[in-house]
Structure formats: C-alpha cells, structure tokens
file upload29.cif (mmCIF, C-alpha atoms)
data_upload
#
loop_
_atom_site.label_atom_id
_atom_site.label_comp_id
_atom_site.auth_asym_id
_atom_site.auth_seq_id
_atom_site.Cartn_x
_atom_site.Cartn_y
_atom_site.Cartn_z
CA MET A 248 15.13 -12.54 -12.66
CA ASP A 249 12.88 -13.22 -9.72
CA PRO A 250 12.42 -10.01 -7.77
CA ASN A 251 11.27 -11.98 -4.79
CA PRO A 252 13.30 -15.03 -3.73
CA THR A 253 10.75 -16.05 -1.08
CA SER A 254 7.82 -17.80 -2.69
CA SER A 255 4.60 -15.89 -2.06
CA ASP A 256 2.96 -19.17 -1.02
CA GLU A 257 5.16 -19.36 2.05
CA ARG A 258 4.02 -15.93 3.13
CA GLU A 259 0.31 -16.39 2.50
CA LEU A 260 -2.64 -17.74 4.47
CA VAL A 261 -5.90 -18.55 2.74
CA LEU A 262 -9.44 -19.21 3.83
CA THR A 263 -12.28 -19.96 1.44
CA ARG A 264 -16.00 -20.65 1.85
CA LEU A 265 -18.94 -21.27 -0.40
CA ILE A 266 -21.72 -19.11 1.01
CA ALA A 267 -25.40 -19.49 0.12
CA ALA A 268 -25.99 -15.80 -0.43
CA PRO A 269 -25.43 -13.40 -3.32
CA ARG A 270 -22.07 -11.61 -3.68
CA GLU A 271 -23.67 -8.25 -2.89
CA LYS A 272 -24.67 -9.43 0.56
CA VAL A 273 -21.29 -10.89 1.43
CA PHE A 274 -19.50 -7.78 0.18
CA LYS A 275 -21.86 -5.57 2.18
CA ALA A 276 -21.12 -7.51 5.37
CA TRP A 277 -17.52 -6.34 4.92
CA THR A 278 -18.28 -2.73 4.00
CA ASP A 279 -21.33 -1.69 6.07
CA PRO A 280 -20.10 -0.85 9.60
CA GLU A 281 -23.31 -1.96 11.30
CA LEU A 282 -23.16 -5.35 9.60
CA LEU A 283 -19.43 -5.81 10.13
CA LYS A 284 -19.82 -5.26 13.88
CA GLN A 285 -22.16 -8.27 13.99
CA TRP A 286 -19.64 -10.85 12.78
CA PHE A 287 -16.08 -9.47 12.70
CA ALA A 288 -14.75 -10.64 16.08
CA PRO A 289 -14.88 -14.30 17.13
CA GLN A 290 -17.56 -14.57 19.83
CA PRO A 291 -17.57 -13.96 22.77
CA TRP A 292 -15.38 -11.09 21.56
CA THR A 293 -17.28 -8.12 20.18
CA THR A 294 -16.65 -5.30 17.72
CA PRO A 295 -17.80 -2.05 19.34
CA VAL A 296 -16.26 0.26 16.73
CA ALA A 297 -16.12 0.02 12.94
CA GLU A 298 -15.24 3.10 10.91
CA LEU A 299 -14.92 2.13 7.27
CA ASP A 300 -14.04 4.68 4.62
CA VAL A 301 -14.44 2.20 1.79
CA ARG A 302 -12.56 3.70 -1.15
CA THR A 303 -9.00 3.45 -2.40
CA GLY A 304 -6.90 5.34 0.13
CA GLY A 305 -9.72 5.38 2.68
CA ALA A 306 -8.88 4.38 6.24
CA ASN A 307 -10.56 1.88 8.50
CA LEU A 308 -10.59 1.52 12.25
CA ILE A 309 -12.03 -1.63 13.73
CA VAL A 310 -11.93 -2.13 17.50
CA MET A 311 -12.31 -5.59 18.94
CA ARG A 312 -13.19 -6.07 22.61
CA SER A 313 -12.30 -9.12 24.68
CA PRO A 314 -14.74 -10.66 27.18
CA GLU A 315 -12.61 -9.01 29.91
CA GLY A 316 -13.27 -5.63 28.35
CA ASN A 317 -9.86 -4.99 26.78
CA GLU A 318 -10.00 -3.20 23.47
CA PHE A 319 -7.78 -3.90 20.49
CA PRO A 320 -7.86 -1.31 17.71
CA ASN A 321 -6.98 -2.35 14.17
CA ARG A 322 -6.16 0.37 11.69
CA GLY A 323 -5.69 0.02 7.97
CA VAL A 324 -6.13 1.54 4.55
CA TYR A 325 -8.07 0.22 1.56
CA LEU A 326 -5.84 -0.31 -1.46
CA GLU A 327 -8.46 -1.51 -3.92
CA VAL A 328 -12.24 -1.52 -3.87
CA ILE A 329 -14.22 -3.19 -6.66
CA GLU A 330 -17.81 -3.34 -5.55
CA ASN A 331 -19.15 -6.85 -4.93
CA GLU A 332 -15.95 -8.35 -6.36
CA ARG A 333 -12.79 -7.46 -4.55
CA LEU A 334 -11.64 -5.66 -1.43
CA VAL A 335 -8.00 -5.13 -0.53
CA PHE A 336 -6.68 -3.46 2.60
CA THR A 337 -3.47 -3.40 4.60
CA ASP A 338 -2.26 -2.50 8.07
CA ALA A 339 0.93 -1.09 6.51
CA TYR A 340 -0.72 2.35 6.64
CA THR A 341 -2.88 3.94 9.32
CA LYS A 342 -4.24 6.47 6.84
CA ALA A 343 -3.23 7.50 3.32
CA TRP A 344 -0.21 7.33 3.28
CA GLU A 345 1.07 7.30 6.81
CA PRO A 346 3.21 4.20 7.42
CA SER A 347 2.12 2.15 10.42
CA GLU A 348 4.52 0.99 13.12
CA LYS A 349 4.67 -2.46 11.58
CA PRO A 350 3.44 -3.60 8.16
CA PHE A 351 2.09 -7.02 9.06
CA PHE A 352 -0.28 -8.12 6.34
CA THR A 353 -2.43 -7.27 3.35
CA ALA A 354 -5.91 -8.78 3.05
CA VAL A 355 -7.17 -9.63 -0.42
CA LEU A 356 -10.84 -10.60 -0.34
CA THR A 357 -12.61 -11.89 -3.43
CA PHE A 358 -16.31 -12.50 -3.99
CA GLU A 359 -17.23 -14.69 -6.98
CA ASP A 360 -20.43 -16.21 -8.27
CA GLU A 361 -20.53 -20.00 -7.99
CA GLY A 362 -23.97 -21.04 -9.18
CA ALA A 363 -26.40 -19.15 -6.98
CA LYS A 364 -23.84 -18.97 -4.19
CA THR A 365 -20.77 -16.92 -3.47
CA ARG A 366 -17.23 -18.20 -3.42
CA TYR A 367 -15.68 -16.08 -0.68
CA THR A 368 -11.89 -16.18 -0.45
CA ALA A 369 -9.78 -14.30 2.06
CA ARG A 370 -6.03 -14.22 1.50
CA ALA A 371 -3.62 -12.77 4.05
CA LEU A 372 -0.32 -11.81 2.41
CA HIS A 373 2.63 -11.18 4.71
CA TRP A 374 5.96 -9.47 4.11
CA THR A 375 7.89 -12.26 5.81
CA VAL A 376 7.59 -15.98 6.44
CA ALA A 377 7.99 -15.22 10.16
CA ASP A 378 4.94 -12.95 10.10
CA ARG A 379 2.92 -15.60 8.31
CA GLU A 380 3.92 -18.09 11.01
CA THR A 381 3.04 -15.62 13.76
CA HIS A 382 -0.36 -15.02 12.19
CA GLU A 383 -0.92 -18.77 11.98
CA LYS A 384 0.01 -19.20 15.66
CA MET A 385 -2.29 -16.31 16.60
CA GLY A 386 -5.01 -18.62 15.34
CA PHE A 387 -5.65 -17.37 11.83
CA HIS A 388 -7.43 -20.49 10.65
CA GLU A 389 -9.59 -20.92 13.77
CA GLY A 390 -10.23 -17.18 14.20
CA TRP A 391 -10.94 -16.28 10.60
CA GLY A 392 -12.79 -19.57 10.26
CA GLN A 393 -15.09 -18.79 13.17
CA CYS A 394 -15.65 -15.29 11.84
CA ALA A 395 -16.41 -16.68 8.38
CA ASP A 396 -19.05 -18.87 10.05
CA GLN A 397 -20.50 -15.82 11.80
CA LEU A 398 -20.44 -13.90 8.52
CA THR A 399 -22.16 -16.79 6.78
CA ALA A 400 -24.84 -17.00 9.48
CA LEU A 401 -25.49 -13.27 9.12
CA VAL A 402 -25.84 -13.17 5.33
CA THR A 403 -27.84 -16.38 5.01
CA LYS A 404 -30.46 -15.66 7.65
CA SER A 405 -33.87 -14.97 6.11
CA MET B 115 -5.06 7.61 21.43
CA ASP B 116 -2.15 8.00 19.05
CA PRO B 117 -1.99 4.94 16.85
CA ASN B 118 1.57 5.74 16.01
CA PRO B 119 3.95 6.59 18.83
CA THR B 120 6.81 7.48 16.47
CA SER B 121 6.27 10.92 15.01
CA SER B 122 5.93 10.78 11.25
CA ASP B 123 8.43 13.64 10.96
CA GLU B 124 11.18 11.38 12.25
CA ARG B 125 10.47 8.86 9.54
CA GLU B 126 10.15 11.29 6.65
CA LEU B 127 12.53 12.92 4.18
CA VAL B 128 11.39 15.85 2.08
CA LEU B 129 12.69 17.62 -0.99
CA THR B 130 10.95 20.59 -2.56
CA ARG B 131 11.66 22.73 -5.61
CA LEU B 132 10.00 25.60 -7.39
CA ILE B 133 10.21 24.71 -11.07
CA ALA B 134 9.60 27.17 -13.90
CA ALA B 135 7.33 24.87 -15.86
CA PRO B 136 3.64 23.99 -15.72
CA ARG B 137 2.44 21.15 -13.46
CA GLU B 138 1.53 19.03 -16.48
CA LYS B 139 5.12 18.96 -17.68
CA VAL B 140 6.58 18.04 -14.30
CA PHE B 141 3.98 15.32 -13.77
CA LYS B 142 4.65 13.95 -17.25
CA ALA B 143 8.39 13.72 -16.51
CA TRP B 144 7.44 11.25 -13.77
CA THR B 145 4.87 9.26 -15.75
CA ASP B 146 6.19 9.07 -19.34
CA PRO B 147 8.87 6.34 -19.44
CA GLU B 148 10.91 8.01 -22.19
CA LEU B 149 11.04 11.26 -20.21
CA LEU B 150 11.73 9.57 -16.87
CA LYS B 151 14.74 7.76 -18.34
CA GLN B 152 16.30 11.15 -19.12
CA TRP B 153 16.49 12.40 -15.54
CA PHE B 154 15.73 9.66 -13.00
CA ALA B 155 19.25 8.47 -12.13
CA PRO B 156 21.93 10.89 -10.93
CA GLN B 157 24.45 11.27 -13.78
CA PRO B 158 26.73 9.56 -14.73
CA TRP B 159 24.28 6.81 -13.75
CA THR B 160 21.65 6.04 -16.37
CA THR B 161 18.12 4.63 -16.45
CA PRO B 162 17.98 2.00 -19.22
CA VAL B 163 14.56 0.60 -18.25
CA ALA B 164 11.37 2.31 -17.13
CA GLU B 165 8.09 0.38 -17.20
CA LEU B 166 5.39 2.52 -15.66
CA ASP B 167 1.82 1.27 -15.37
CA VAL B 168 0.56 4.56 -14.00
CA ARG B 169 -2.75 3.74 -12.29
CA THR B 170 -3.74 2.73 -8.80
CA GLY B 171 -2.45 -0.81 -8.34
CA GLY B 172 -0.22 -0.55 -11.42
CA ALA B 173 3.37 -1.71 -11.11
CA ASN B 174 6.56 0.05 -12.04
CA LEU B 175 10.03 -1.24 -12.78
CA ILE B 176 12.85 1.25 -13.03
CA VAL B 177 16.38 -0.01 -13.62
CA MET B 178 19.32 2.23 -12.82
CA ARG B 179 22.77 1.46 -14.24
CA SER B 180 26.04 2.48 -12.63
CA PRO B 181 28.99 3.78 -14.69
CA GLU B 182 30.59 0.34 -14.15
CA GLY B 183 27.59 -1.27 -15.82
CA ASN B 184 25.91 -2.74 -12.75
CA GLU B 185 22.13 -2.65 -12.87
CA PHE B 186 19.84 -1.95 -9.93
CA PRO B 187 16.16 -2.73 -10.47
CA ASN B 188 13.56 -0.85 -8.42
CA ARG B 189 10.07 -2.28 -8.29
CA GLY B 190 6.99 -0.67 -6.85
CA VAL B 191 3.26 -0.16 -7.11
CA TYR B 192 1.29 3.07 -7.54
CA LEU B 193 -1.11 3.66 -4.66
CA GLU B 194 -2.66 6.90 -5.85
CA VAL B 195 -2.60 8.73 -9.15
CA ILE B 196 -4.23 12.14 -9.52
CA GLU B 197 -3.19 13.53 -12.86
CA ASN B 198 -0.96 16.61 -12.67
CA GLU B 199 -1.49 16.81 -8.90
CA ARG B 200 -0.31 13.84 -6.95
CA LEU B 201 1.53 10.57 -7.45
CA VAL B 202 2.06 8.00 -4.70
CA PHE B 203 3.98 4.76 -4.99
CA THR B 204 5.70 2.30 -2.69
CA ASP B 205 8.28 -0.46 -2.81
CA ALA B 206 6.21 -2.42 -0.25
CA TYR B 207 4.67 -4.30 -3.19
CA THR B 208 6.26 -5.61 -6.39
CA LYS B 209 2.86 -5.82 -8.07
CA ALA B 210 -0.72 -5.59 -6.82
CA TRP B 211 -0.68 -6.92 -4.11
CA GLU B 212 2.43 -9.01 -3.80
CA PRO B 213 4.44 -7.95 -0.74
CA SER B 214 8.08 -7.14 -1.51
CA GLU B 215 10.98 -8.56 0.45
CA LYS B 216 11.32 -5.34 2.41
CA PRO B 217 8.88 -2.42 2.61
CA PHE B 218 11.34 0.46 2.68
CA PHE B 219 9.51 3.61 1.71
CA THR B 220 6.47 5.28 0.17
CA ALA B 221 6.95 8.25 -2.15
CA VAL B 222 4.31 10.99 -2.09
CA LEU B 223 4.87 13.48 -4.90
CA THR B 224 2.80 16.63 -5.16
CA PHE B 225 2.62 19.15 -7.99
CA GLU B 226 1.07 22.53 -7.15
CA ASP B 227 0.67 25.82 -8.99
CA GLU B 228 2.74 28.63 -7.53
CA GLY B 229 2.23 31.61 -9.79
CA ALA B 230 3.24 30.43 -13.25
CA LYS B 231 5.58 27.86 -11.76
CA THR B 232 5.21 24.47 -10.11
CA ARG B 233 5.87 23.70 -6.49
CA TYR B 234 7.24 20.18 -6.69
CA THR B 235 7.47 18.30 -3.40
CA ALA B 236 8.76 14.77 -2.95
CA ARG B 237 8.23 13.12 0.42
CA ALA B 238 9.74 9.77 1.30
CA LEU B 239 7.85 8.12 4.16
CA HIS B 240 9.54 5.23 5.94
CA TRP B 241 8.19 2.58 8.26
CA THR B 242 11.02 3.04 10.74
CA VAL B 243 13.36 5.76 11.91
CA ALA B 244 16.26 3.41 11.07
CA ASP B 245 15.13 3.19 7.45
CA ARG B 246 14.83 6.96 7.24
CA GLU B 247 18.40 7.24 8.54
CA THR B 248 19.61 4.62 6.08
CA HIS B 249 17.96 6.48 3.22
CA GLU B 250 19.58 9.69 4.37
CA LYS B 251 23.01 8.02 4.52
CA MET B 252 22.44 6.52 1.05
CA GLY B 253 22.45 10.16 -0.04
CA PHE B 254 18.77 11.00 -0.31
CA HIS B 255 19.27 14.75 -0.26
CA GLU B 256 22.20 14.79 -2.69
CA GLY B 257 20.77 12.07 -4.94
CA TRP B 258 17.16 13.23 -5.10
CA GLY B 259 18.47 16.81 -5.24
CA GLN B 260 20.66 16.10 -8.26
CA CYS B 261 17.79 14.24 -9.93
CA ALA B 262 15.44 17.14 -9.20
CA ASP B 263 17.97 19.40 -10.96
CA GLN B 264 18.03 17.03 -13.93
CA LEU B 265 14.21 16.93 -13.93
CA THR B 266 14.10 20.72 -13.81
CA ALA B 267 16.58 21.04 -16.68
CA LEU B 268 14.46 18.66 -18.76
CA VAL B 269 11.10 20.34 -18.22
CA THR B 270 12.39 23.91 -18.52
CA LYS B 271 14.41 23.51 -21.72
CA SER B 272 13.00 25.41 -24.70
#
call {"tool": "encode", "arguments": {"input": "upload29.cif", "output": "structure tokens"}}
result
Amino acid sequence: MDPNPTSSDERELVLTRLIAAPREKVFKAWTDPELLKQWFAPQPWTTPVAELDVRTGGANLIVMRSPEGNEFPNRGVYLEVIENERLVFTDAYTKAWEPSEKPFFTAVLTFEDEGAKTRYTARALHWTVADRETHEKMGFHEGWGQCADQLTALVTKS
Amino acid sequence: MDPNPTSSDERELVLTRLIAAPREKVFKAWTDPELLKQWFAPQPWTTPVAELDVRTGGANLIVMRSPEGNEFPNRGVYLEVIENERLVFTDAYTKAWEPSEKPFFTAVLTFEDEGAKTRYTARALHWTVADRETHEKMGFHEGWGQCADQLTALVTKS
C-alpha cells in the first residue's frame, strides 16, 4: 500500500555542489545570521534581516530586499538540526507549531565529507506537483544556484 | 506585521479534560502502541494497528477499522516529544520529511498537573479555516470527546 500515489521525485527540486571547504564552514554559513546575510539572496538583492533560532522547533525569519527596496519576509521552523550534517526547515509553520497560510516547501540540506571538500545538497520537497512547478518557474535552479555560488565564494575565501 | 492574517483561533479545535490519573499514565496511553489501540478509535470502531516511533522525526501509522471492516490508515510524523508533558505530530509528513498528499492538521497535546489529576488538552491546528470546518463536521468534538472518555476509562481503571 503506497500512502502517497504521487512520486516524491515529481514534487522535489534538488541542487548539489562540491565545495572546497570543510562541512563546519558550510553549515555555519546557514546557521550564523551574520554569515547568512552575506550570501542568502541572489545579488543585487540583499538580506537585511536574519533571525535564526537553530534548534528543532525554533523559528527563522529571513527578509530579502529587492534592488527597488521592497522587502520579502520568509518565515519558517526548523524540523531537524544535526550539527554540520543536516538541517531541515519548512515554511509550513511560522513558529512552533503555528500553521502558516500556505505550506509550500520543506528544505532538507545535507553536508557530507567528500575527500577534503563538502558535498552540499539542498532538496526542496513540495506538497504538490503544482507547487514544485511554481517553484521551478520562480527560478529555483537559477536563484538557488546563484546563492550556492555566493555561499561557496564566502566559505572558500581565505 | 502579522505574518498570518487568519487568526489561529479560527483554524483551531480544542478539547480538554481533567483526568484522575497522573500525567505519566495519560502520556503513556498516547505513546505505548498496545495502550493506544485500546482507546484511540471511537467504539465500535477498533484500532488494529499502531506503529509509533515516538521521537522527533519519528513516524506513526495508526489504522482504524470500521464495524463493517473497512480500514483507514493515518500516517504522521512527531514534531516534538517532551516526555509526560507534550506531544506534537502532524499528517503533513508521512515520514521524515516526506510531504503527505494533503497537510490537514497538527495535533498539539499537553499534559499538566492539576492537583493530583492531569489537565489533558488536545489542540488540532489546521492550515485553513475550511479544513477546521471540515474537521468539525467530521465530528471532531464528538469523536475526540468519545475517545477522550475511552482514554480516561483506561488510565483511571484500578
């Protein structure tokens, strides 16, 4: 009995990078607010606010600002935090356990050793195929790709 | 700035009981599969299957069977487990962190001392007002009420 007739593959987007930095540094870029602000939004967008309560059930608020000065707040809750290994959060809650207006996706980030580098993988899991398609059209691959480049630049600089 | 224009009250259903048993016993009735099977479905319905991986990120599968023999599986994931105090799970995931077909509700159960008794409170938080209404029409108050009576009978007997 398959509890879920829609294959998870159809509802998932994935980005992966091999980064020449230790896992600890890549994980920290996701969990230290001052570091996250430096890479999270695709330039010339910026990230003026990052409040990260990094623990299971902890909330995050990340505000992105467009070049025109419009601000876009993103709220979520961490579901799983394994230091330097795994970070899971979702926008299905705005704080523990207040449902958001619209559960859109769950991010599963993994950080693995690959030689002296880090295999960084970001998976975006959606509740529906339509939401996965919307996320793709919003520019998931380009946007998350550019941000992954910015993240890489940050953690690999001297 | 209110991140959530719909009041949470409109999306919530609540049931509370004062139970003449210690917190530990009430919590255990929710977390021990053999105990849960004895009270979870409103009689004459039964609960032939209860698989409860009671830890953050652990999955549960609870099958209810109608008097006609039809089976209704319920799958969910525990979001927060504080022994004898608090238990949170949702049907938004079928396992960590596989999105379900339809995120319907999150259950927040609390177990508090009130004199020598236990204040048991079950909150069902929905993502939409429509889902809260559906849950109400499905007989939340009668169903969860009858099950709370069955739970009470179980934990207060000899």
call {"tool": "calpha_fit_rmsd", "arguments": {"input": "upload29.cif", "fixed": "chain B", "moving": "chain A"}}
result
0.0 Å
call {"tool": "resolve_selection", "arguments": {"input": "upload29.cif", "expression": "the PyMOL selection byres ((chain B) within 7 of (chain A))", "output": "PDB file with C-alpha atoms, in the frame of the given file"}}
result
ATOM      1  CA  ASN B 118       1.570   5.740  16.010  1.00  0.00           C
ATOM      2  CA  LEU B 193      -1.110   3.660  -4.660  1.00  0.00           C
ATOM      3  CA  PRO B 213       4.440  -7.950  -0.740  1.00  0.00           C
ATOM      4  CA  SER B 214       8.080  -7.140  -1.510  1.00  0.00           C
ATOM      5  CA  GLU B 215      10.980  -8.560   0.450  1.00  0.00           C
ATOM      6  CA  LYS B 216      11.320  -5.340   2.410  1.00  0.00           C
ATOM      7  CA  LEU B 239       7.850   8.120   4.160  1.00  0.00           C
ATOM      8  CA  HIS B 240       9.540   5.230   5.940  1.00  0.00           C
ATOM      9  CA  TRP B 241       8.190   2.580   8.260  1.00  0.00           C
TER      10      TRP B 241
END
call {"tool": "resolve_selection", "arguments": {"input": "upload29.cif", "expression": "the PyMOL selection byres ((chain B and resi 168) around 12)", "output": "list of chain:residue names"}}
result
B:Phe141, B:Lys142, B:Trp144, B:Thr145, B:Asp146, B:Pro147, B:Ala164, B:Glu165, B:Leu166, B:Asp167, B:Arg169, B:Thr170, B:Gly171, B:Gly172, B:Ala173, B:Asn174, B:Leu175, B:Gly190, B:Val191, B:Tyr192, B:Leu193, B:Glu194, B:Val195, B:Ile196, B:Glu197, B:Arg200, B:Leu201, B:Val202, B:Phe203
call {"tool": "atom_distance", "arguments": {"input": "upload29.cif", "atom1": "atom CA of Ala400 of chain A", "atom2": "atom CA of Arg379 of chain A"}}
result
27.8 Å
call {"tool": "closest_residue", "arguments": {"input": "upload29.cif", "among": "B:Thr130, B:Val140, B:Ala262, B:Phe218", "to": "Asp245 of chain B", "atoms": "all atoms listed in the file"}}
result
B:Phe218
call {"tool": "resolve_selection", "arguments": {"input": "upload29.cif", "expression": "the PyMOL selection byres ((chain A and resi 268) around 8)", "output": "PyMOL selection string"}}
result
chain A and resi 266-267+269-270+272-273+363-365+402-403
call {"tool": "residues_around", "arguments": {"input": "upload29.cif", "residues": "Pro156 of chain B", "least_positions_apart": "2", "cutoff": "7 Å", "atoms": "only C-alpha atoms", "output": "PyMOL selection string"}}
result
chain B and resi 154+158-159+257+260-261
call {"tool": "atom_distance", "arguments": {"input": "upload29.cif", "atom1": "atom CA of His388 of chain A", "atom2": "atom CA of Ala288 of chain A"}}
result
13.4 Å
call {"tool": "atom_distance", "arguments": {"input": "upload29.cif", "atom1": "atom CA of Val177 of chain B", "atom2": "atom CA of Ala236 of chain B"}}
result
19.8 Å
call {"tool": "closest_residue", "arguments": {"input": "upload29.cif", "among": "B:Asn198, B:Thr224, B:Thr235, B:Asn184", "to": "Trp258 of chain B", "atoms": "only C-alpha atoms"}}
result
B:Thr235
call {"tool": "closest_residue", "arguments": {"input": "upload29.cif", "among": "A:Glu271, A:Thr293, A:Thr399, A:Thr381", "to": "Glu315 of chain A", "atoms": "only C-alpha atoms"}}
result
A:Thr293
call {"tool": "build_atoms", "arguments": {"input": "upload29.cif", "residues": "segment 337-347 of chain A", "atoms": "all heavy atoms", "output": "CSV table (one decimal), keeping the file's coordinate frame"}}
result
chain,number,residue,atom,x,y,z
A,337,THR,N,-4.7,-3.0,3.9
A,337,THR,CA,-3.5,-3.4,4.6
A,337,THR,C,-3.3,-2.6,5.9
A,337,THR,O,-3.8,-1.5,6.0
A,337,THR,CB,-2.2,-3.1,3.7
A,337,THR,OG1,-1.1,-3.6,4.4
A,337,THR,CG2,-2.1,-1.7,3.3
A,338,ASP,N,-2.6,-3.2,6.8
A,338,ASP,CA,-2.3,-2.5,8.1
A,338,ASP,C,-0.9,-1.8,7.9
A,338,ASP,O,-0.3,-1.3,8.9
A,338,ASP,CB,-2.3,-3.4,9.3
A,338,ASP,CG,-1.3,-4.6,9.2
A,338,ASP,OD1,-0.5,-4.6,8.2
A,338,ASP,OD2,-1.3,-5.5,10.0
A,339,ALA,N,-0.4,-1.8,6.7
A,339,ALA,CA,0.9,-1.1,6.5
A,339,ALA,C,0.8,0.4,6.6
A,339,ALA,O,1.8,1.1,6.8
A,339,ALA,CB,1.5,-1.5,5.1
A,340,TYR,N,-0.4,0.9,6.5
A,340,TYR,CA,-0.7,2.4,6.6
A,340,TYR,C,-1.9,2.5,7.7
A,340,TYR,O,-2.8,1.7,7.7
A,340,TYR,CB,-1.1,3.0,5.3
A,340,TYR,CG,-0.1,2.8,4.2
A,340,TYR,CD1,-0.2,1.8,3.3
A,340,TYR,CD2,1.0,3.7,4.1
A,340,TYR,CE1,0.8,1.6,2.3
A,340,TYR,CE2,1.9,3.6,3.1
A,340,TYR,CZ,1.8,2.5,2.3
A,340,TYR,OH,2.8,2.4,1.3
A,341,THR,N,-1.8,3.6,8.4
A,341,THR,CA,-2.9,3.9,9.3
A,341,THR,C,-3.9,4.9,8.7
A,341,THR,O,-5.0,5.0,9.1
A,341,THR,CB,-2.4,4.6,10.6
A,341,THR,OG1,-1.5,5.7,10.3
A,341,THR,CG2,-1.5,3.6,11.4
A,342,LYS,N,-3.4,5.7,7.7
A,342,LYS,CA,-4.2,6.5,6.8
A,342,LYS,C,-3.4,6.8,5.6
A,342,LYS,O,-2.2,6.5,5.6
A,342,LYS,CB,-4.7,7.8,7.5
A,342,LYS,CG,-3.6,8.7,7.9
A,342,LYS,CD,-4.1,9.9,8.6
A,342,LYS,CE,-2.9,10.9,8.9
A,342,LYS,NZ,-3.4,12.1,9.6
A,343,ALA,N,-4.0,7.3,4.6
A,343,ALA,CA,-3.2,7.5,3.3
A,343,ALA,C,-2.3,8.7,3.5
A,343,ALA,O,-2.8,9.8,3.7
A,343,ALA,CB,-4.2,7.7,2.1
A,344,TRP,N,-1.0,8.6,3.4
A,344,TRP,CA,-0.2,7.3,3.3
A,344,TRP,C,0.8,7.3,4.4
A,344,TRP,O,2.0,7.4,4.2
A,344,TRP,CB,0.4,7.2,1.9
A,344,TRP,CG,-0.6,7.2,0.8
A,344,TRP,CD1,-1.1,8.2,0.0
A,344,TRP,CD2,-1.4,6.0,0.5
A,344,TRP,NE1,-2.1,7.7,-0.8
A,344,TRP,CE2,-2.3,6.4,-0.5
A,344,TRP,CE3,-1.5,4.7,1.0
A,344,TRP,CZ2,-3.3,5.5,-1.1
A,344,TRP,CZ3,-2.4,3.8,0.4
A,344,TRP,CH2,-3.3,4.2,-0.6
A,345,GLU,N,0.3,7.3,5.6
A,345,GLU,CA,1.1,7.3,6.8
A,345,GLU,C,1.5,5.9,7.2
A,345,GLU,O,0.6,5.0,7.5
A,345,GLU,CB,0.2,7.9,7.9
A,345,GLU,CG,0.8,8.0,9.3
A,345,GLU,CD,1.8,9.1,9.4
A,345,GLU,OE1,1.5,10.2,8.7
A,345,GLU,OE2,2.8,9.0,10.1
A,346,PRO,N,2.8,5.6,7.1
A,346,PRO,CA,3.2,4.2,7.4
A,346,PRO,C,2.9,3.8,8.9
A,346,PRO,O,3.0,4.7,9.8
A,346,PRO,CB,4.7,4.3,7.2
A,346,PRO,CG,5.0,5.4,6.3
A,346,PRO,CD,3.9,6.4,6.6
A,347,SER,N,2.4,2.6,9.1
A,347,SER,CA,2.1,2.2,10.4
A,347,SER,C,3.4,1.8,11.1
A,347,SER,O,4.5,1.8,10.5
A,347,SER,CB,1.2,0.9,10.3
A,347,SER,OG,1.8,-0.1,9.6
